[in-house]
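Report on the structure given below.
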Amino acid sequence: MLTRSDAIRVDRDYRYTGEDAHSFVRCCLCRCYTPFIFYVVSKKALDVIANTLPQTHNFFCVNCLPKSSSTTTLYRDRCLFNSDEYLSMFRGYEYYNPYYGVYYNTPRLILTENIRIHPDYKKIVRKPQPALVKMRKLFGVFPAVHQIPFRKHASMVEMYSELRKKYREIRSTYTDTSINQTFMDTYCITVERTPSVYQSV
């Protein structure tokens, strides 16, 4: 559980302006908090926001994630970041008070461009259901390596360092082909075929 001052409201969401606001994982652009963080490494995508943010600020909420269009593809071929249907699953979970009780014990799911997903994810999370129920189910359709605890870091530098470390851990985990037995690669989802062995990029 997070340590928090008695003066901080935990029963409602509001735009928190405390000095420690930057010590939690949040969107680099709009600065909202969300259980779902998109970690971007595509140069094309980062170039889109280069005038606003340096490329080291490369994790976003679903609303601020640089999007591909019908004429421009920002991510590698068949990456799920190119699919609006996929992205729509993560909308509606943005908030601005890091101590908000609804989410403060909820880990963060770090969504990477090469992420794998459970083959039955549509059956699990696409049907109508309460938002918090759906949120918990979303955590279950991705490999557990994508999760990190939501906590207050000693500094923003420490927070960034933890995210970089998590990204390296994810990449390392994906070199183990045994993960293919449970989770599908993004290519399989978009073209609906038999899962293939993941190839690191």
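Identifiers in this document derive from the order of the structure tokens: chains are assigned A, B, ..., residues are numbered from 1 separately in each chain, and ligands are numbered from 1 in order of occurrence.
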
Residue neighbourhood range 12-21 of chain A, 8 Å, only C-alpha atoms, exclusion window fewer than 5 positions, as a PDB file with N, CA and C atoms, in the first residue's frame:
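The resulting file, part_36.pdb, is shown below:
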```
ATOM      1  N   TYR A  95      -7.011   8.560 -15.092  1.00  0.00           N
ATOM      2  CA  TYR A  95      -7.358   9.339 -13.900  1.00  0.00           C
ATOM      3  C   TYR A  95      -6.176  10.229 -13.533  1.00  0.00           C
ATOM      4  N   TYR A  96      -6.350  11.141 -12.563  1.00  0.00           N
ATOM      5  CA  TYR A  96      -5.342  12.171 -12.323  1.00  0.00           C
ATOM      6  C   TYR A  96      -4.873  12.269 -10.876  1.00  0.00           C
ATOM      7  N   ASN A  97      -5.382  11.450 -10.011  1.00  0.00           N
ATOM      8  CA  ASN A  97      -4.953  11.417  -8.613  1.00  0.00           C
ATOM      9  C   ASN A  97      -4.264  10.078  -8.363  1.00  0.00           C
ATOM     10  N   PRO A  98      -2.935  10.053  -8.221  1.00  0.00           N
ATOM     11  CA  PRO A  98      -2.233   8.779  -8.082  1.00  0.00           C
ATOM     12  C   PRO A  98      -2.632   7.998  -6.832  1.00  0.00           C
ATOM     13  N   TYR A 100      -5.778   7.775  -5.780  1.00  0.00           N
ATOM     14  CA  TYR A 100      -7.192   7.407  -5.913  1.00  0.00           C
ATOM     15  C   TYR A 100      -7.374   5.929  -5.552  1.00  0.00           C
ATOM     16  N   GLY A 101      -8.244   5.672  -4.585  1.00  0.00           N
ATOM     17  CA  GLY A 101      -8.376   4.333  -4.031  1.00  0.00           C
ATOM     18  C   GLY A 101      -8.813   3.259  -5.001  1.00  0.00           C
ATOM     19  N   LYS A 152       5.045   4.698  -5.444  1.00  0.00           N
ATOM     20  CA  LYS A 152       5.737   5.972  -5.469  1.00  0.00           C
ATOM     21  C   LYS A 152       7.233   5.714  -5.469  1.00  0.00           C
TER      22      LYS A 152
END
```

Problem set entry | Long-range neighbours of Arg164 in chain A as a list of chain:residue names, 12 Å cut-off, only C-alpha atoms, 3 positions minimum in chain |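 The residues that qualify are A:Val25, A:Tyr39, A:Val40, A:Val41, A:Thr56, A:His57, A:Asn58, A:Phe59, A:Ile110, A:Thr112, A:Ile148, A:Val157, A:Glu158, A:Met159, A:Tyr160, A:Ser161, A:Tyr167, A:Arg168, A:Glu169, A:Ile170, A:Arg171.
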
For this session: Check the smallest atom-to-atom distance from each of A:Cys64, A:Leu53, A:Leu46, A:Leu132 to Cys32 in chain A using only C-alpha atoms, then report the winner.
Result: A:Cys64

For this session: Just list the residues in range 8-40 of chain A DSSP gives helix (DSSP H, G or I) on the backbone, as a ChimeraX atom specification.
Result: /A:19-23
